[in-house]
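Report on the structure given below.
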Amino acid sequence: MSDRLSASSRMDSGEVASELECVPYGVNHTDEGVCLLVRMGPHRFLLDCGLADISPILKDVTKSARRGSSPLPADFVFVSHAHPDHARGLLKLHQAFPLLPIYASEVTSKLLPLNWLDQDSQELSQFCQALPLRSPLEVKDGLVVELFPAGHLPGAVAILFTYTTPQRTYKLLYTGDFFLSNSRLVEGLRLEELRGLQLDVLIIEGTYGTSRHPHRRNQENQLAERINRAIADRYSVLMPTPALGLGQELLMLLRSHHHFTGRDLDIWVNGAVATGCDAYLELLPPFPPSVQNFARHQPLFWDERIRPRVRRLQPQQCATVGKYPCIIVTDSTTDLSQYMQPDTGPWLILLPEKTDIKINHEQFPGIVTVESYLLAQHSDGPGTTQLIHNLRPQHVIFVHASPTYLADLTSLEELQNRYHVHSPAVGTLVELLIGETFLQPAAPETNYEGELTELETVVTIALPDAITADPRWQQFADTGLIEARWQGEELVLRGLSQRELLNQSSDRYVWSDVDCCGTCRHQRGQRCWNPASPLYNFKVTLDGYCPAFERLSDSQ
């Protein structure tokens with residue numbers, strides 16, 4: 001779909017003059033970072049500034065100043081999180097425009113200085129102002145901003161902007177980088193906090209395109225198993241990672257996974273990853289309760305007493321740590337050859353998939369094996385579309401992925417048929433015309449994540465309160481008994497009613513009187529053919545249900 005749609009054709013369809021526009025300075029198609037200029041009515045603000053070179057912003061300000069406009073590039077800057085591809089240009093921006101307000105969450109404001117370790121810490125601690133979470137704040141007349149935790153990284157937020165005029169209210173949400181699943185140190189974005197916003201515009205990352213990933217726990221188990229095999233084969237493991245986020249997640253995984261708990265093993269941490277660990281230790285109160293509970297019983301990172309030991313690597317130790325099998329977590333900019341000494345090894349280098357971390361395989365001797373692993377910190381394709389369908393905006397703007405991955409997303413019929421979809425190049429104006437009579441798709445069925453606990457032969461499934469608060473729960477839990485069956489790789493649970501227990505005359509109950517996709521007149525070939533349904537053109541499970549259900553017998 002084109003990045004810019006015809007304004008005249010939009011107006012003919014009943015859309016009002018544009019109060020919303022977006023111009024990207026960077027969309028991170030390769031490694032330029034993310035920086036978006038958004039206009040809502042008279043208000044202009046920047047979303048992130050991951051640009052290594054801010055000269056395009058400076059040029060635009062110079063042009064505006066000649067026309068007598070504001071000497072600032074925007075009214076504000078809002079920062080989604082502290083990763084360099086979203087934040088590296090902020091210091092230059094602040095130095096060029098000291099009066100330009102820069103806002104972020106409290107945790108992000110404290111992590112941002114890690115992007116400029118060679119700069120004066122006093123200056124860095126003052127240029128970003130912290131905003132509270134989940135607290136609507138009117139930053140300009142008629143413009144309210146609210147931050148919601150987005151997963152991905154401590155302090156990462158999705159940012160909701162609400163602009164009110166005498167005629168109507170406009171809402172725009174910027175996800176930054178988001179993750180729906182819980183990870184070791186960060187709780188995932190909560191869909192229930194954002195559902196029902198009546199959103200007009202969603203600016204969303206598409207890092208993984210339409211890729212589907214295994215469950216987070218499966219990813220962790222696969223990685224732990226590979227490291228375990230390497231250590232058993234007398235390999236040392238070297239893991240270059242970004243300074244913030246993945247490195248600390250790896251350390252928590254290695255400390256708490258059953259393959260390594262209590263094992264006589266050294267985990268060495270080097271470079272900016274170690275600095276990131278120190279920063280995390282200053283921010284324990286905002287971390288999830290499970291992390292705080294762990295920290296009450298033993299140190300979160302540095303620990304010489306409890307095995308496996310987590311130690312800070314000193315420069316003089318680099319040439320000797322690989323004489324015995326160990327694990328080294330270091331930042332991705334480190335010269336890895338310093339560890340590959342002749343009397344050490346063999347080595348396994350593990351690189352995270354779908355990152356820009358690259359190494360020169362030819363510089364290492366034959367005793368080095370290089371492999372990759374997946375430990376996702378962004379939502380995959382199904383997670384991305386799930387968020388979109390729950391928010392149901394008029395416009396969806398995709399950023400933050402390779403052009404190929406973004407093309408995969410924008411070509412999805414389930415998105416093209418329901419939303420105005422954009423994937424703009426740098427410098428492309430996106431006019432966001434809002435239709436008063438835009439047909440919003442019906443709300444999809446809600447998915448919730450629970451926790452599974454196994455204790456010998458007893459399996460306990462813990463579900464969130466939103467499940468039991470649903471009116472359908474009383475019927476589901478009527479007898480306290482459930483039917484469980486495998487459907488492919490998924491386990492389907494269904495509550496058994498009193499009538500079913502009395503009348504069941506076979507080993508398998510047939511859902512002849514249950515309102516579900518299996519008894520819906522619009523289900524053919526395990527696909528929904530009802531245009532009024534949020535599941536339209538999706539493959540459906542026969543036990544599924546949607547608000548547009550129509551019983552098969554009703555049409556006979």
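Chains: A, B, ... in order of the structure tokens. Residues: from 1 per chain. Ligands: from 1, in order shown.
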Would you kindly return, as a PyMOL selection string, each protein, DNA or RNA residue with an atom no farther than 12 Å from any atom of Gln248 of chain A, considering only C-alpha atoms and excluding same-chain residues fewer than 4 positions away?
-> chain A and resi 153-154+183-186+239-244+252-255+269-270+272-281+300-302+310+329-331
Of the candidates A:Lys63, A:Arg190, A:Asp356, A:Gly89, which one gets nearest to Ser402 of chain A if we count only C-alpha atoms?
-> A:Asp356
Pick from A:Val399, A:Ala477, A:Ile482, A:Leu223 nearest to Ser372 of chain A, counting only C-alpha atoms = A:Leu223
Out of segment 370-405 of chain A, which residues get alpha helix (DSSP H) from DSSP, as a compact mmCIF listing (two decimals) with all heavy atoms, in the first residue's frame?
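Result file is part_2.txt:
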# COMPACT_ATOMS: atom_id res chain seq x y z
N GLY A 381 5.40 -11.77 14.42
CA GLY A 381 4.31 -11.35 13.54
C GLY A 381 2.93 -11.52 14.15
O GLY A 381 2.12 -10.58 14.15
N PRO A 382 2.59 -12.72 14.70
CA PRO A 382 1.29 -12.87 15.34
C PRO A 382 1.06 -11.91 16.50
O PRO A 382 -0.05 -11.42 16.69
CB PRO A 382 1.30 -14.33 15.82
CG PRO A 382 2.22 -15.03 14.86
CD PRO A 382 3.29 -14.03 14.55
N GLY A 383 2.11 -11.61 17.27
CA GLY A 383 1.96 -10.64 18.36
C GLY A 383 1.69 -9.25 17.84
O GLY A 383 0.89 -8.48 18.42
N THR A 384 2.34 -8.90 16.73
CA THR A 384 2.14 -7.58 16.13
C THR A 384 0.71 -7.42 15.63
O THR A 384 0.04 -6.42 15.92
CB THR A 384 3.13 -7.37 14.97
OG1 THR A 384 4.48 -7.47 15.47
CG2 THR A 384 2.94 -6.02 14.32
N THR A 385 0.22 -8.41 14.88
CA THR A 385 -1.14 -8.30 14.36
C THR A 385 -2.17 -8.40 15.49
O THR A 385 -3.24 -7.78 15.42
CB THR A 385 -1.41 -9.39 13.32
OG1 THR A 385 -1.12 -10.69 13.87
CG2 THR A 385 -0.55 -9.17 12.08
N GLN A 386 -1.84 -9.15 16.54
CA GLN A 386 -2.75 -9.24 17.69
C GLN A 386 -2.94 -7.86 18.33
O GLN A 386 -4.06 -7.46 18.66
CB GLN A 386 -2.22 -10.22 18.72
CG GLN A 386 -3.12 -10.38 19.95
CD GLN A 386 -2.51 -11.26 21.01
OE1 GLN A 386 -1.35 -11.65 20.94
NE2 GLN A 386 -3.29 -11.59 22.03
N LEU A 387 -1.85 -7.12 18.49
CA LEU A 387 -1.96 -5.78 19.07
C LEU A 387 -2.78 -4.86 18.17
O LEU A 387 -3.65 -4.11 18.64
CB LEU A 387 -0.57 -5.20 19.30
CG LEU A 387 -0.52 -3.78 19.89
CD1 LEU A 387 -1.20 -3.73 21.25
CD2 LEU A 387 0.91 -3.28 20.00
N ILE A 388 -2.54 -4.94 16.87
CA ILE A 388 -3.28 -4.08 15.94
C ILE A 388 -4.77 -4.38 16.00
O ILE A 388 -5.61 -3.46 16.09
CB ILE A 388 -2.74 -4.28 14.50
CG1 ILE A 388 -1.31 -3.77 14.40
CG2 ILE A 388 -3.64 -3.55 13.49
CD1 ILE A 388 -0.62 -4.13 13.10
N HIS A 389 -5.15 -5.67 15.97
CA HIS A 389 -6.56 -6.02 15.98
C HIS A 389 -7.24 -5.67 17.30
O HIS A 389 -8.44 -5.43 17.34
CB HIS A 389 -6.73 -7.52 15.70
CG HIS A 389 -6.37 -7.91 14.30
ND1 HIS A 389 -6.64 -7.13 13.21
CD2 HIS A 389 -5.76 -9.03 13.80
CE1 HIS A 389 -6.22 -7.73 12.12
NE2 HIS A 389 -5.69 -8.88 12.45
N ASN A 390 -6.48 -5.64 18.37
CA ASN A 390 -7.06 -5.25 19.66
C ASN A 390 -7.27 -3.74 19.74
O ASN A 390 -8.19 -3.27 20.42
CB ASN A 390 -6.18 -5.72 20.81
CG ASN A 390 -6.51 -7.11 21.26
OD1 ASN A 390 -7.35 -7.31 22.13
ND2 ASN A 390 -5.87 -8.10 20.67
N LEU A 391 -6.43 -2.97 19.06
CA LEU A 391 -6.53 -1.51 19.13
C LEU A 391 -7.42 -0.93 18.03
O LEU A 391 -8.00 0.14 18.20
CB LEU A 391 -5.14 -0.88 19.05
CG LEU A 391 -4.21 -1.22 20.22
CD1 LEU A 391 -2.84 -0.60 20.00
CD2 LEU A 391 -4.80 -0.73 21.53
N PRO A 403 13.14 -3.29 4.99
CA PRO A 403 12.04 -3.07 4.05
C PRO A 403 11.32 -4.36 3.67
O PRO A 403 10.11 -4.37 3.47
CB PRO A 403 12.73 -2.43 2.84
CG PRO A 403 13.94 -1.75 3.41
CD PRO A 403 14.39 -2.65 4.53
N THR A 404 12.06 -5.47 3.60
CA THR A 404 11.45 -6.75 3.25
C THR A 404 10.47 -7.19 4.33
O THR A 404 9.34 -7.62 4.03
CB THR A 404 12.53 -7.83 3.06
OG1 THR A 404 13.43 -7.42 2.04
CG2 THR A 404 11.89 -9.16 2.67
N TYR A 405 10.87 -7.10 5.59
CA TYR A 405 9.99 -7.51 6.69
C TYR A 405 8.75 -6.62 6.75
O TYR A 405 7.64 -7.10 7.00
CB TYR A 405 10.74 -7.44 8.02
CG TYR A 405 11.55 -8.67 8.33
CD1 TYR A 405 11.77 -9.65 7.38
CD2 TYR A 405 12.12 -8.86 9.59
CE1 TYR A 405 12.52 -10.77 7.66
CE2 TYR A 405 12.87 -9.99 9.89
CZ TYR A 405 13.07 -10.94 8.91
OH TYR A 405 13.80 -12.06 9.19
Pick out the closest residue to Gln222 of chain A from this set: A:Lys59, A:Leu265, A:Tyr235, A:Leu375. Count only C-alpha atoms.
->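 Of A:Lys59, A:Leu265, A:Tyr235, A:Leu375, the one nearest Gln222 of chain A is A:Leu375, counting only C-alpha atoms.
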Contacts of segment 121-134 of chain A within 6 Å, only C-alpha atoms, excl. fewer than 3 positions in-chain, as an MDAnalysis selection string = chainID A and resid 102:106 109 113 146:148
